[in-house]
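A.B. asks: Just one file: work_14.cif, with mmCIF, C-alpha atoms.
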data_start
#
loop_
_atom_site.label_atom_id
_atom_site.label_comp_id
_atom_site.auth_asym_id
_atom_site.auth_seq_id
_atom_site.Cartn_x
_atom_site.Cartn_y
_atom_site.Cartn_z
CA MET A 1202 154.81 -67.55 -56.64
CA SER A 1203 154.74 -70.95 -58.24
CA ALA A 1204 151.38 -72.64 -58.22
CA LYS A 1205 151.92 -76.00 -56.56
CA THR A 1206 148.25 -76.76 -56.37
CA ALA A 1207 148.51 -80.51 -55.87
CA ASN A 1208 147.89 -81.73 -52.33
CA ILE A 1209 147.16 -78.32 -50.93
CA SER A 1210 144.40 -78.40 -48.34
CA GLU A 1211 141.34 -76.18 -48.41
CA ALA A 1212 142.43 -74.88 -45.00
CA THR A 1213 145.72 -73.58 -46.45
CA VAL A 1214 143.97 -71.89 -49.36
CA THR A 1215 141.42 -70.35 -47.01
CA ARG A 1216 144.32 -68.82 -45.07
CA LEU A 1217 145.68 -67.29 -48.30
CA SER A 1218 142.30 -65.68 -48.78
CA ILE A 1219 142.39 -64.36 -45.20
CA TYR A 1220 145.89 -62.91 -45.79
CA LEU A 1221 144.58 -61.24 -48.95
CA ARG A 1222 141.74 -59.62 -46.99
CA CYS A 1223 144.23 -58.36 -44.36
CA LEU A 1224 146.55 -56.95 -47.04
CA GLN A 1225 143.64 -55.16 -48.71
CA THR A 1226 142.72 -53.59 -45.36
CA LEU A 1227 146.31 -52.45 -44.76
CA GLU A 1228 146.59 -51.07 -48.29
CA LYS A 1229 143.44 -48.97 -47.72
CA GLU A 1230 145.12 -47.61 -44.59
CA GLY A 1231 148.00 -46.44 -46.80
CA ARG A 1232 150.53 -48.99 -45.57
CA GLN A 1233 153.31 -50.22 -47.90
CA THR A 1234 155.02 -53.02 -45.99
CA VAL A 1235 154.03 -55.36 -43.18
CA SER A 1236 155.85 -58.03 -41.19
CA SER A 1237 154.38 -61.44 -40.39
CA GLN A 1238 154.41 -60.42 -36.70
CA GLU A 1239 152.35 -57.30 -37.37
CA LEU A 1240 149.92 -59.23 -39.57
CA ALA A 1241 149.55 -61.81 -36.82
CA ARG A 1242 149.02 -59.20 -34.10
CA GLN A 1243 146.54 -57.03 -35.97
CA PHE A 1244 144.42 -59.83 -37.39
CA HIS A 1245 144.75 -62.51 -34.67
CA LEU A 1246 146.77 -64.89 -36.84
CA ASN A 1247 149.84 -67.07 -36.26
CA SER A 1248 153.06 -65.42 -37.51
CA ALA A 1249 154.99 -68.69 -37.99
CA GLN A 1250 152.07 -70.09 -39.98
CA ILE A 1251 151.97 -66.95 -42.15
CA ARG A 1252 155.69 -67.25 -42.98
CA LYS A 1253 155.36 -70.97 -43.65
CA ASP A 1254 152.29 -70.59 -45.87
CA LEU A 1255 153.75 -67.75 -47.90
CA ALA A 1256 157.21 -69.32 -48.23
CA TYR A 1257 155.54 -72.49 -49.51
CA PHE A 1258 154.24 -70.48 -52.46
CA GLY A 1259 157.57 -68.75 -52.97
CA ALA A 1260 156.84 -65.43 -51.22
CA PHE A 1261 159.47 -64.29 -48.75
CA GLY A 1262 159.61 -61.14 -46.65
CA THR A 1263 162.72 -59.00 -46.21
CA ARG A 1264 164.34 -59.15 -42.77
CA GLY A 1265 163.58 -55.96 -40.85
CA VAL A 1266 161.12 -54.75 -43.49
CA GLY A 1267 158.59 -57.52 -43.95
CA TYR A 1268 156.50 -58.08 -47.02
CA CYS A 1269 155.77 -55.48 -49.70
CA ILE A 1270 151.97 -55.27 -49.42
CA ALA A 1271 151.22 -54.43 -53.08
CA ASN A 1272 153.47 -57.25 -54.35
CA LEU A 1273 152.22 -59.87 -51.94
CA LYS A 1274 148.62 -58.92 -52.66
CA ASP A 1275 149.18 -59.34 -56.41
CA GLN A 1276 150.90 -62.67 -55.88
CA ILE A 1277 148.00 -64.03 -53.84
CA ILE A 1278 145.46 -62.70 -56.35
CA LYS A 1279 147.24 -64.62 -59.14
CA LEU A 1280 147.56 -67.73 -56.99
CA LEU A 1281 143.84 -67.70 -56.22
CA LYS A 1282 143.20 -67.02 -59.95
CA LEU A 1283 141.29 -63.85 -59.12
CA ASN A 1284 143.03 -61.82 -61.83
CA LYS A 1285 140.53 -62.97 -64.45
CA GLU A 1286 136.82 -62.46 -63.81
CA LYS A 1287 134.80 -65.63 -63.33
CA ALA A 1288 131.13 -65.85 -64.19
CA VAL A 1289 128.94 -67.20 -61.40
CA VAL A 1290 125.34 -68.45 -61.47
CA ILE A 1291 123.07 -69.06 -58.49
CA VAL A 1292 120.39 -71.74 -58.46
CA GLY A 1293 117.50 -70.96 -56.13
CA ALA A 1294 116.05 -67.43 -56.04
CA GLY A 1295 114.75 -67.57 -52.49
CA HIS A 1296 115.94 -65.10 -49.87
CA LEU A 1297 119.41 -66.66 -49.68
CA GLY A 1298 119.87 -66.85 -53.45
CA GLN A 1299 118.80 -63.23 -53.93
CA ALA A 1300 121.00 -62.03 -51.06
CA LEU A 1301 124.02 -63.80 -52.58
CA ALA A 1302 123.25 -62.54 -56.11
CA ASP A 1303 123.30 -58.93 -54.92
CA PHE A 1304 126.19 -59.43 -52.46
CA GLN A 1305 128.99 -57.04 -53.37
CA GLY A 1306 131.67 -59.63 -52.53
CA PHE A 1307 130.24 -61.95 -55.18
CA ASN A 1308 130.31 -59.17 -57.79
CA SER A 1309 133.85 -57.84 -57.45
CA GLY A 1310 137.46 -58.96 -57.09
CA GLY A 1311 137.31 -61.75 -59.63
CA PHE A 1312 133.63 -62.72 -59.57
CA ARG A 1313 130.40 -61.64 -61.22
CA VAL A 1314 126.97 -63.17 -60.81
CA VAL A 1315 125.47 -63.39 -64.31
CA ALA A 1316 122.09 -64.97 -63.46
CA LEU A 1317 119.88 -66.66 -60.89
CA PHE A 1318 117.71 -69.65 -61.67
CA ASP A 1319 114.46 -70.87 -60.21
CA ILE A 1320 111.42 -72.86 -61.34
CA ASP A 1321 108.82 -70.78 -59.46
CA PRO A 1322 106.67 -68.95 -62.08
CA ALA A 1323 106.20 -66.12 -59.56
CA LYS A 1324 109.97 -65.46 -59.65
CA VAL A 1325 111.05 -66.35 -63.20
CA GLY A 1326 111.30 -63.24 -65.38
CA LYS A 1327 111.74 -60.90 -62.39
CA LYS A 1328 114.95 -59.20 -61.28
CA THR A 1329 116.67 -58.92 -57.89
CA ALA A 1330 116.92 -55.56 -56.10
CA LYS A 1331 120.26 -54.93 -57.83
CA GLY A 1332 118.99 -56.02 -61.24
CA LYS A 1333 120.16 -59.63 -61.59
CA SER A 1334 117.81 -61.62 -63.85
CA ILE A 1335 115.91 -64.60 -62.48
CA LEU A 1336 115.65 -67.18 -65.27
CA HIS A 1337 113.98 -70.56 -65.53
CA ALA A 1338 116.28 -73.38 -64.38
CA LYS A 1339 115.88 -75.15 -67.74
CA ARG A 1340 118.09 -72.40 -69.17
CA ILE A 1341 121.11 -73.38 -67.03
CA PRO A 1342 122.96 -75.16 -69.92
CA GLU A 1343 122.36 -72.26 -72.35
CA ILE A 1344 123.50 -69.53 -69.92
CA ALA A 1345 126.45 -71.59 -68.63
CA LYS A 1346 127.72 -71.95 -72.19
CA LYS A 1347 127.01 -68.35 -73.22
CA HIS A 1348 128.86 -66.80 -70.25
CA ASN A 1349 131.45 -69.56 -69.83
CA VAL A 1350 130.24 -69.96 -66.24
CA ALA A 1351 132.98 -71.23 -63.92
CA ILE A 1352 131.11 -71.43 -60.62
CA GLY A 1353 127.60 -72.45 -59.66
CA ILE A 1354 126.08 -71.73 -56.27
CA ILE A 1355 123.39 -74.03 -54.88
CA ALA A 1356 120.81 -72.20 -52.76
CA VAL A 1357 117.89 -74.61 -53.03
CA ARG A 1358 116.25 -76.98 -50.54
CA PRO A 1359 118.41 -79.94 -49.43
CA GLN A 1360 116.33 -82.51 -51.32
CA SER A 1361 117.04 -80.77 -54.66
CA ALA A 1362 120.77 -80.16 -54.10
CA GLN A 1363 122.12 -83.33 -55.75
CA ALA A 1364 119.98 -82.87 -58.89
CA ILE A 1365 121.09 -79.24 -59.25
CA TYR A 1366 124.72 -80.27 -58.75
CA ASP A 1367 124.41 -82.85 -61.53
CA THR A 1368 122.73 -80.28 -63.81
CA LEU A 1369 125.48 -77.71 -63.21
CA LEU A 1370 128.25 -80.21 -63.94
CA LYS A 1371 126.49 -81.44 -67.07
CA ALA A 1372 126.35 -77.79 -68.21
CA GLY A 1373 130.15 -77.60 -67.91
CA VAL A 1374 130.42 -75.76 -64.57
CA LYS A 1375 133.61 -76.91 -62.82
CA GLY A 1376 133.25 -75.41 -59.34
CA VAL A 1377 130.22 -75.59 -57.08
CA LEU A 1378 129.54 -73.88 -53.78
CA THR A 1379 126.59 -75.29 -51.89
CA PHE A 1380 124.63 -73.72 -49.04
CA ALA A 1381 122.14 -76.62 -48.89
CA PRO A 1382 122.58 -78.78 -45.79
CA ALA A 1383 122.71 -82.02 -47.79
CA GLN A 1384 125.43 -84.52 -48.65
CA ILE A 1385 126.33 -84.27 -52.34
CA LYS A 1386 128.27 -86.99 -54.16
CA GLU A 1387 131.28 -85.13 -55.57
CA LYS A 1388 132.44 -85.93 -59.10
CA PRO A 1389 136.14 -86.10 -60.04
CA LEU A 1390 137.96 -83.26 -61.85
CA THR A 1391 135.59 -80.70 -60.35
CA LYS A 1392 135.54 -78.94 -57.00
CA LEU A 1393 132.67 -78.85 -54.53
CA ARG A 1394 132.74 -76.70 -51.42
CA ALA A 1395 130.00 -76.79 -48.81
CA VAL A 1396 129.24 -73.77 -46.62
CA ASP A 1397 128.00 -74.74 -43.15
CA LEU A 1398 126.64 -71.52 -41.66
CA LYS A 1399 125.66 -73.23 -38.42
CA ILE A 1400 129.32 -73.87 -37.57
CA ASN A 1401 129.68 -70.13 -37.05
CA LEU A 1402 126.93 -70.12 -34.42
CA GLU A 1403 128.34 -73.23 -32.73
CA THR A 1404 131.83 -71.74 -32.58
CA LEU A 1405 130.42 -68.54 -31.10
CA SER A 1406 128.47 -70.56 -28.54
CA PHE A 1407 131.66 -72.19 -27.23
CA PHE A 1408 133.17 -68.81 -26.38
CA LEU A 1409 130.11 -67.39 -24.59
CA ARG A 1410 130.49 -66.98 -20.86
CA SER A 1411 127.78 -68.73 -18.90
CA MET B 1255 135.52 -83.61 -21.35
CA SER B 1256 136.84 -80.80 -19.24
CA ALA B 1257 136.22 -77.34 -20.61
CA LYS B 1258 139.63 -75.71 -20.91
CA THR B 1259 138.31 -72.76 -22.82
CA ALA B 1260 141.21 -70.40 -22.20
CA ASN B 1261 143.57 -69.88 -25.13
CA ILE B 1262 141.66 -72.14 -27.47
CA SER B 1263 141.63 -70.85 -31.02
CA GLU B 1264 138.52 -70.37 -33.12
CA ALA B 1265 140.05 -72.81 -35.62
CA THR B 1266 140.15 -75.58 -33.00
CA VAL B 1267 136.56 -74.95 -31.94
CA THR B 1268 135.44 -74.91 -35.57
CA ARG B 1269 137.00 -78.38 -35.96
CA LEU B 1270 134.98 -79.63 -32.96
CA SER B 1271 131.89 -78.42 -34.73
CA ILE B 1272 132.96 -80.25 -37.91
CA TYR B 1273 133.53 -83.47 -35.92
CA LEU B 1274 130.06 -83.06 -34.43
CA ARG B 1275 128.53 -82.80 -37.91
CA CYS B 1276 130.41 -85.94 -39.02
CA LEU B 1277 129.28 -87.88 -35.93
CA GLN B 1278 125.67 -86.85 -36.54
CA THR B 1279 125.93 -88.11 -40.12
CA LEU B 1280 127.40 -91.45 -38.98
CA GLU B 1281 124.74 -91.81 -36.27
CA LYS B 1282 122.00 -91.35 -38.89
CA GLU B 1283 123.66 -94.16 -40.87
CA GLY B 1284 123.20 -96.37 -37.79
CA ARG B 1285 126.89 -96.53 -36.86
CA GLN B 1286 127.92 -96.95 -33.21
CA THR B 1287 131.71 -96.53 -33.21
CA VAL B 1288 134.22 -94.84 -35.47
CA SER B 1289 138.02 -94.61 -35.52
CA SER B 1290 139.93 -91.40 -36.16
CA GLN B 1291 141.24 -92.99 -39.39
CA GLU B 1292 137.72 -93.68 -40.67
CA LEU B 1293 136.55 -90.19 -39.71
CA ALA B 1294 139.52 -88.74 -41.57
CA ARG B 1295 138.97 -90.85 -44.66
CA GLN B 1296 135.22 -90.34 -44.95
CA PHE B 1297 135.22 -86.61 -44.27
CA HIS B 1298 138.60 -85.54 -45.69
CA LEU B 1299 140.10 -84.68 -42.29
CA ASN B 1300 143.46 -85.31 -40.62
CA SER B 1301 143.40 -88.33 -38.28
CA ALA B 1302 146.32 -87.16 -36.11
CA GLN B 1303 144.65 -83.78 -35.73
CA ILE B 1304 141.35 -85.45 -34.73
CA ARG B 1305 143.08 -87.52 -32.01
CA LYS B 1306 145.01 -84.50 -30.77
CA ASP B 1307 141.96 -82.23 -30.68
CA LEU B 1308 139.76 -84.75 -28.90
CA ALA B 1309 142.45 -85.86 -26.43
CA TYR B 1310 142.99 -82.20 -25.52
CA PHE B 1311 139.39 -82.09 -24.29
CA GLY B 1312 139.73 -85.43 -22.52
CA ALA B 1313 138.08 -87.70 -25.10
CA PHE B 1314 140.04 -90.83 -25.97
CA GLY B 1315 139.13 -93.66 -28.35
CA THR B 1316 139.59 -97.34 -27.54
CA ARG B 1317 142.37 -99.12 -29.44
CA GLY B 1318 140.90 -101.32 -32.16
CA VAL B 1319 137.39 -99.93 -31.60
CA GLY B 1320 137.64 -96.18 -31.93
CA TYR B 1321 135.28 -93.68 -30.40
CA CYS B 1322 131.75 -94.41 -29.21
CA ILE B 1323 129.76 -92.12 -31.51
CA ALA B 1324 126.86 -91.37 -29.12
CA ASN B 1325 129.21 -90.58 -26.22
CA LEU B 1326 131.58 -88.42 -28.25
CA LYS B 1327 128.67 -86.54 -29.80
CA ASP B 1328 127.23 -85.76 -26.36
CA GLN B 1329 130.64 -84.65 -25.09
CA ILE B 1330 131.09 -82.22 -27.98
CA ILE B 1331 127.53 -80.90 -27.59
CA LYS B 1332 128.25 -80.08 -23.94
CA LEU B 1333 131.61 -78.58 -24.78
CA LEU B 1334 130.05 -76.30 -27.39
CA LYS B 1335 127.27 -75.52 -24.85
CA LEU B 1336 124.62 -76.69 -27.29
CA ASN B 1337 122.74 -78.66 -24.62
CA LYS B 1338 120.80 -75.59 -23.53
CA GLU B 1339 118.85 -73.64 -26.15
CA LYS B 1340 120.13 -70.15 -26.88
CA ALA B 1341 117.88 -67.35 -28.08
CA VAL B 1342 119.12 -65.57 -31.22
CA VAL B 1343 118.01 -62.28 -32.77
CA ILE B 1344 118.80 -61.03 -36.27
CA VAL B 1345 119.18 -57.36 -37.09
CA GLY B 1346 118.37 -56.52 -40.71
CA ALA B 1347 115.33 -58.12 -42.36
CA GLY B 1348 116.61 -57.95 -45.93
CA HIS B 1349 117.00 -61.12 -47.99
CA LEU B 1350 119.97 -62.34 -45.95
CA GLY B 1351 118.31 -61.65 -42.58
CA GLN B 1352 115.11 -63.39 -43.60
CA ALA B 1353 117.01 -66.37 -45.05
CA LEU B 1354 118.96 -66.77 -41.80
CA ALA B 1355 115.84 -66.34 -39.62
CA ASP B 1356 114.11 -69.22 -41.39
CA PHE B 1357 117.26 -71.34 -41.75
CA GLN B 1358 116.69 -74.70 -40.07
CA GLY B 1359 120.25 -74.82 -38.73
CA PHE B 1360 119.64 -71.60 -36.79
CA ASN B 1361 116.44 -73.03 -35.28
CA SER B 1362 117.62 -76.41 -33.99
CA GLY B 1363 120.43 -78.10 -32.08
CA GLY B 1364 120.86 -75.40 -29.45
CA PHE B 1365 119.60 -72.29 -31.23
CA ARG B 1366 116.30 -70.55 -31.86
CA VAL B 1367 115.72 -67.28 -33.67
CA VAL B 1368 113.21 -65.32 -31.56
CA ALA B 1369 112.92 -62.16 -33.68
CA LEU B 1370 114.24 -60.07 -36.57
CA PHE B 1371 114.67 -56.33 -36.40
CA ASP B 1372 114.54 -53.63 -39.04
CA ILE B 1373 113.65 -49.95 -39.26
CA ASP B 1374 111.90 -50.14 -42.65
CA PRO B 1375 108.16 -49.42 -42.08
CA ALA B 1376 107.38 -51.70 -45.04
CA LYS B 1377 108.88 -54.64 -43.12
CA VAL B 1378 108.15 -53.93 -39.45
CA GLY B 1379 105.06 -55.81 -38.25
CA LYS B 1380 105.34 -58.45 -40.99
CA LYS B 1381 106.50 -62.04 -40.58
CA THR B 1382 109.02 -64.16 -42.50
CA ALA B 1383 107.89 -67.13 -44.62
CA LYS B 1384 108.29 -69.40 -41.58
CA GLY B 1385 106.54 -67.00 -39.22
CA LYS B 1386 109.36 -65.11 -37.47
CA SER B 1387 108.23 -61.62 -36.42
CA ILE B 1388 109.94 -58.56 -37.85
CA LEU B 1389 110.04 -55.90 -35.12
CA HIS B 1390 111.26 -52.31 -35.02
CA ALA B 1391 114.95 -52.09 -34.08
CA LYS B 1392 114.12 -49.79 -31.15
CA ARG B 1393 112.70 -52.89 -29.44
CA ILE B 1394 116.09 -54.68 -29.36
CA PRO B 1395 116.68 -53.98 -25.62
CA GLU B 1396 113.16 -55.08 -24.62
CA ILE B 1397 113.25 -58.35 -26.62
CA ALA B 1398 116.84 -59.13 -25.63
CA LYS B 1399 115.85 -58.91 -21.97
CA LYS B 1400 112.55 -60.76 -22.35
CA HIS B 1401 114.09 -63.77 -24.13
CA ASN B 1402 117.50 -63.63 -22.46
CA VAL B 1403 119.05 -63.36 -25.93
CA ALA B 1404 122.58 -64.81 -26.08
CA ILE B 1405 123.48 -64.18 -29.71
CA GLY B 1406 122.81 -61.34 -32.13
CA ILE B 1407 123.34 -61.63 -35.87
CA ILE B 1408 124.18 -58.53 -37.90
CA ALA B 1409 122.73 -58.61 -41.41
CA VAL B 1410 122.63 -54.89 -42.17
CA ARG B 1411 124.65 -52.68 -44.53
CA PRO B 1412 128.35 -52.27 -43.61
CA GLN B 1413 127.93 -48.63 -42.57
CA SER B 1414 125.40 -49.57 -39.87
CA ALA B 1415 127.26 -52.59 -38.50
CA GLN B 1416 129.19 -50.84 -35.70
CA ALA B 1417 126.09 -49.04 -34.37
CA ILE B 1418 124.08 -52.28 -34.34
CA TYR B 1419 126.94 -54.08 -32.59
CA ASP B 1420 127.00 -51.40 -29.89
CA THR B 1421 123.20 -51.58 -29.50
CA LEU B 1422 123.28 -55.37 -29.14
CA LEU B 1423 125.99 -55.26 -26.50
CA LYS B 1424 124.21 -52.50 -24.58
CA ALA B 1425 121.13 -54.75 -24.59
CA GLY B 1426 123.17 -57.47 -22.85
CA VAL B 1427 123.87 -59.71 -25.85
CA LYS B 1428 127.26 -61.43 -25.32
CA GLY B 1429 127.91 -63.05 -28.69
CA VAL B 1430 127.66 -61.42 -32.11
CA LEU B 1431 127.92 -62.97 -35.56
CA THR B 1432 128.30 -60.44 -38.34
CA PHE B 1433 127.74 -60.90 -42.05
CA ALA B 1434 128.41 -57.24 -42.84
CA PRO B 1435 131.74 -56.70 -44.62
CA ALA B 1436 132.88 -54.01 -42.17
CA GLN B 1437 135.52 -53.82 -39.46
CA ILE B 1438 133.86 -53.75 -36.03
CA LYS B 1439 135.72 -52.69 -32.87
CA GLU B 1440 135.34 -55.68 -30.56
CA LYS B 1441 134.60 -55.07 -26.89
CA PRO B 1442 136.15 -57.19 -24.12
CA LEU B 1443 134.25 -60.00 -22.34
CA THR B 1444 132.13 -60.60 -25.41
CA LYS B 1445 132.71 -62.59 -28.58
CA LEU B 1446 132.46 -61.31 -32.13
CA ARG B 1447 132.73 -63.60 -35.13
CA ALA B 1448 132.72 -62.34 -38.69
CA VAL B 1449 131.50 -64.48 -41.58
CA ASP B 1450 133.34 -63.79 -44.83
CA LEU B 1451 131.28 -65.51 -47.52
CA LYS B 1452 133.63 -64.40 -50.28
CA ILE B 1453 136.44 -66.57 -48.87
CA ASN B 1454 134.42 -69.59 -49.97
CA LEU B 1455 134.37 -68.39 -53.58
CA GLU B 1456 138.07 -67.51 -53.49
CA THR B 1457 139.01 -70.91 -52.10
CA LEU B 1458 136.93 -72.59 -54.77
CA SER B 1459 138.60 -70.45 -57.44
CA PHE B 1460 142.05 -71.72 -56.44
CA PHE B 1461 141.07 -75.31 -57.10
CA LEU B 1462 139.48 -74.75 -60.51
CA ARG B 1463 141.38 -76.14 -63.45
CA SER B 1464 142.15 -73.56 -66.09
#
Represent the structure from my file as structure tokens, please.
C.D. replies:
Amino acid sequence: MSAKTANISEATVTRLSIYLRCLQTLEKEGRQTVSSQELARQFHLNSAQIRKDLAYFGAFGTRGVGYCIANLKDQIIKLLKLNKEKAVVIVGAGHLGQALADFQGFNSGGFRVVALFDIDPAKVGKKTAKGKSILHAKRIPEIAKKHNVAIGIIAVRPQSAQAIYDTLLKAGVKGVLTFAPAQIKEKPLTKLRAVDLKINLETLSFFLRS
Amino acid sequence: MSAKTANISEATVTRLSIYLRCLQTLEKEGRQTVSSQELARQFHLNSAQIRKDLAYFGAFGTRGVGYCIANLKDQIIKLLKLNKEKAVVIVGAGHLGQALADFQGFNSGGFRVVALFDIDPAKVGKKTAKGKSILHAKRIPEIAKKHNVAIGIIAVRPQSAQAIYDTLLKAGVKGVLTFAPAQIKEKPLTKLRAVDLKINLETLSFFLRS
């Protein structure tokens, strides 16, 4: 796959990630090939969209056979740059920060949480249930440099989100994921992604029968 | 807006929720009308998609003026059924469960967390930082009935997810949001939505410059 990363929407990339998750599930089931139709049926996706998305990145299935699961999985992993482990830090060691630090998905398949930061003396110096160190937030620049941290996660109160974002970028972190429900002014040449957990509840609400 | 809920994809509904968030932001800024082009520009959306989505539900802007923000907001709120408060329970009072229970977005705008459940004696009988009660999981049916609980959130380990899902449905809960990275067999006439937090990291990874 060629990496035409310019002008690709977050929605398209998110779909690649969904395809990857589906392929991993099929691989665990011992499957070797899969067609776009089967992928669509089993995982409630759109088969035309799958073919279009994958073809865009240079991945084509074989007529009558479909896609080779192992190959396609590897291609998507490279495209998402998950083939080299990225160091992650989390700012805010409240319940959310600690849950994310110990979350298996954030410590596998291309990611590893190297530290959490907080300013609360009751937390600094402690460890999470799975042994991640909680350090004072003033050490963000030092740890970011030491571990070549690629991604910072903001799990602080909304009113502190912008300051933490600025601190992370100043420390050389290029990608930021924020869980704080606050508008952050995004800087160029970096990537900010906001997680809006409430959207999941609202979407669910729509589909509930009265 | 008429509620044509049949055959509407989760992706479409998620966009409605995103539009709602944008309209709420604009309303706070004191704005009264907004065009699809402005919405698209300010929030990195697709203006044609916005017009198409909203027209599908019967909401049309006025040429040269755009949409009336207050009206459109109210229409989306009704469409997402957020105009009547829904009771939510959370199963699993670990860090994630407690973070979600106290999360402001899960306790406003149509939702209220009424209880958390766990089976750990060290947690049962305690309260979260913001005062939500942690009850024994055997009380799920009683509490679900008492509060007419519409939505259950699964924040337990993957191996317990299916059993908790079954318990919630048996207790009459119609909508389930799961954070557990486990496949759950969905039952008809109910709605299950899985949150995959790792997708956010993977999407971010794609956009990072090497």
A.B. asks: Mind giving me the straight-line distance from CA of Ile1355 (chain A) to CA of Thr1379 (chain A) in Å, one decimal?
C.D. replies: 4.6 Å
A.B. asks: Near Ile1341 (chain A), counting all atoms listed in the file, which residues have an atom at most 12 Å away, once you skip same-chain residues fewer than 3 positions from it, shown as a PyMOL selection string?
C.D. replies: chain A and resi 1289-1293+1315-1320+1335-1338+1344-1350+1353-1354+1365-1374
A.B. asks: Assuming the chain letters and numbering stay as they are in my file, what does the PyMOL selection byres ((chain B) within 9 of (chain A)) actually select? List them as a PyMOL selection string.
C.D. replies: chain B and resi 1259+1264-1265+1267-1268+1270-1272+1275+1333-1336+1340+1348-1354+1359-1360+1364-1365+1404-1405+1428-1431+1435+1443-1463
A.B. asks: Those selected residues, please, written with C-alpha atoms and delivered as a PDB file, in the frame of the given file.
C.D. replies:
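Now in result_17.pdb:
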ATOM      1  CA  THR B1259     138.310 -72.760 -22.820  1.00  0.00           C
ATOM      2  CA  GLU B1264     138.520 -70.370 -33.120  1.00  0.00           C
ATOM      3  CA  ALA B1265     140.050 -72.810 -35.620  1.00  0.00           C
ATOM      4  CA  VAL B1267     136.560 -74.950 -31.940  1.00  0.00           C
ATOM      5  CA  THR B1268     135.440 -74.910 -35.570  1.00  0.00           C
ATOM      6  CA  LEU B1270     134.980 -79.630 -32.960  1.00  0.00           C
ATOM      7  CA  SER B1271     131.890 -78.420 -34.730  1.00  0.00           C
ATOM      8  CA  ILE B1272     132.960 -80.250 -37.910  1.00  0.00           C
ATOM      9  CA  ARG B1275     128.530 -82.800 -37.910  1.00  0.00           C
ATOM     10  CA  LEU B1333     131.610 -78.580 -24.780  1.00  0.00           C
ATOM     11  CA  LEU B1334     130.050 -76.300 -27.390  1.00  0.00           C
ATOM     12  CA  LYS B1335     127.270 -75.520 -24.850  1.00  0.00           C
ATOM     13  CA  LEU B1336     124.620 -76.690 -27.290  1.00  0.00           C
ATOM     14  CA  LYS B1340     120.130 -70.150 -26.880  1.00  0.00           C
ATOM     15  CA  GLY B1348     116.610 -57.950 -45.930  1.00  0.00           C
ATOM     16  CA  HIS B1349     117.000 -61.120 -47.990  1.00  0.00           C
ATOM     17  CA  LEU B1350     119.970 -62.340 -45.950  1.00  0.00           C
ATOM     18  CA  GLY B1351     118.310 -61.650 -42.580  1.00  0.00           C
ATOM     19  CA  GLN B1352     115.110 -63.390 -43.600  1.00  0.00           C
ATOM     20  CA  ALA B1353     117.010 -66.370 -45.050  1.00  0.00           C
ATOM     21  CA  LEU B1354     118.960 -66.770 -41.800  1.00  0.00           C
ATOM     22  CA  GLY B1359     120.250 -74.820 -38.730  1.00  0.00           C
ATOM     23  CA  PHE B1360     119.640 -71.600 -36.790  1.00  0.00           C
ATOM     24  CA  GLY B1364     120.860 -75.400 -29.450  1.00  0.00           C
ATOM     25  CA  PHE B1365     119.600 -72.290 -31.230  1.00  0.00           C
ATOM     26  CA  ALA B1404     122.580 -64.810 -26.080  1.00  0.00           C
ATOM     27  CA  ILE B1405     123.480 -64.180 -29.710  1.00  0.00           C
ATOM     28  CA  LYS B1428     127.260 -61.430 -25.320  1.00  0.00           C
ATOM     29  CA  GLY B1429     127.910 -63.050 -28.690  1.00  0.00           C
ATOM     30  CA  VAL B1430     127.660 -61.420 -32.110  1.00  0.00           C
ATOM     31  CA  LEU B1431     127.920 -62.970 -35.560  1.00  0.00           C
ATOM     32  CA  PRO B1435     131.740 -56.700 -44.620  1.00  0.00           C
ATOM     33  CA  LEU B1443     134.250 -60.000 -22.340  1.00  0.00           C
ATOM     34  CA  THR B1444     132.130 -60.600 -25.410  1.00  0.00           C
ATOM     35  CA  LYS B1445     132.710 -62.590 -28.580  1.00  0.00           C
ATOM     36  CA  LEU B1446     132.460 -61.310 -32.130  1.00  0.00           C
ATOM     37  CA  ARG B1447     132.730 -63.600 -35.130  1.00  0.00           C
ATOM     38  CA  ALA B1448     132.720 -62.340 -38.690  1.00  0.00           C
ATOM     39  CA  VAL B1449     131.500 -64.480 -41.580  1.00  0.00           C
ATOM     40  CA  ASP B1450     133.340 -63.790 -44.830  1.00  0.00           C
ATOM     41  CA  LEU B1451     131.280 -65.510 -47.520  1.00  0.00           C
ATOM     42  CA  LYS B1452     133.630 -64.400 -50.280  1.00  0.00           C
ATOM     43  CA  ILE B1453     136.440 -66.570 -48.870  1.00  0.00           C
ATOM     44  CA  ASN B1454     134.420 -69.590 -49.970  1.00  0.00           C
ATOM     45  CA  LEU B1455     134.370 -68.390 -53.580  1.00  0.00           C
ATOM     46  CA  GLU B1456     138.070 -67.510 -53.490  1.00  0.00           C
ATOM     47  CA  THR B1457     139.010 -70.910 -52.100  1.00  0.00           C
ATOM     48  CA  LEU B1458     136.930 -72.590 -54.770  1.00  0.00           C
ATOM     49  CA  SER B1459     138.600 -70.450 -57.440  1.00  0.00           C
ATOM     50  CA  PHE B1460     142.050 -71.720 -56.440  1.00  0.00           C
ATOM     51  CA  PHE B1461     141.070 -75.310 -57.100  1.00  0.00           C
ATOM     52  CA  LEU B1462     139.480 -74.750 -60.510  1.00  0.00           C
ATOM     53  CA  ARG B1463     141.380 -76.140 -63.450  1.00  0.00           C
TER      54      ARG B1463
END
A.B. asks: Hey, can you check how far CA of Leu1227 (chain A) sits from CA of Ala1417 (chain B)?
C.D. replies: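 Taking CA of Leu1227 (chain A) as the start and CA of Ala1417 (chain B) as the end point, the length is 23.0 Å.
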A.B. asks: I'd like to see the residues matched by the PyMOL selection byres ((chain A and resi 1234) around 8) on this file, and ideally I'd get them as a list of chain:residue names.
C.D. replies: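 Residues picked by the PyMOL selection byres ((chain A and resi 1234) around 8): A:Arg1232, A:Gln1233, A:Val1235, A:Ser1236, A:Val1266, A:Gly1267, A:Tyr1268, A:Cys1269, A:Ile1270.
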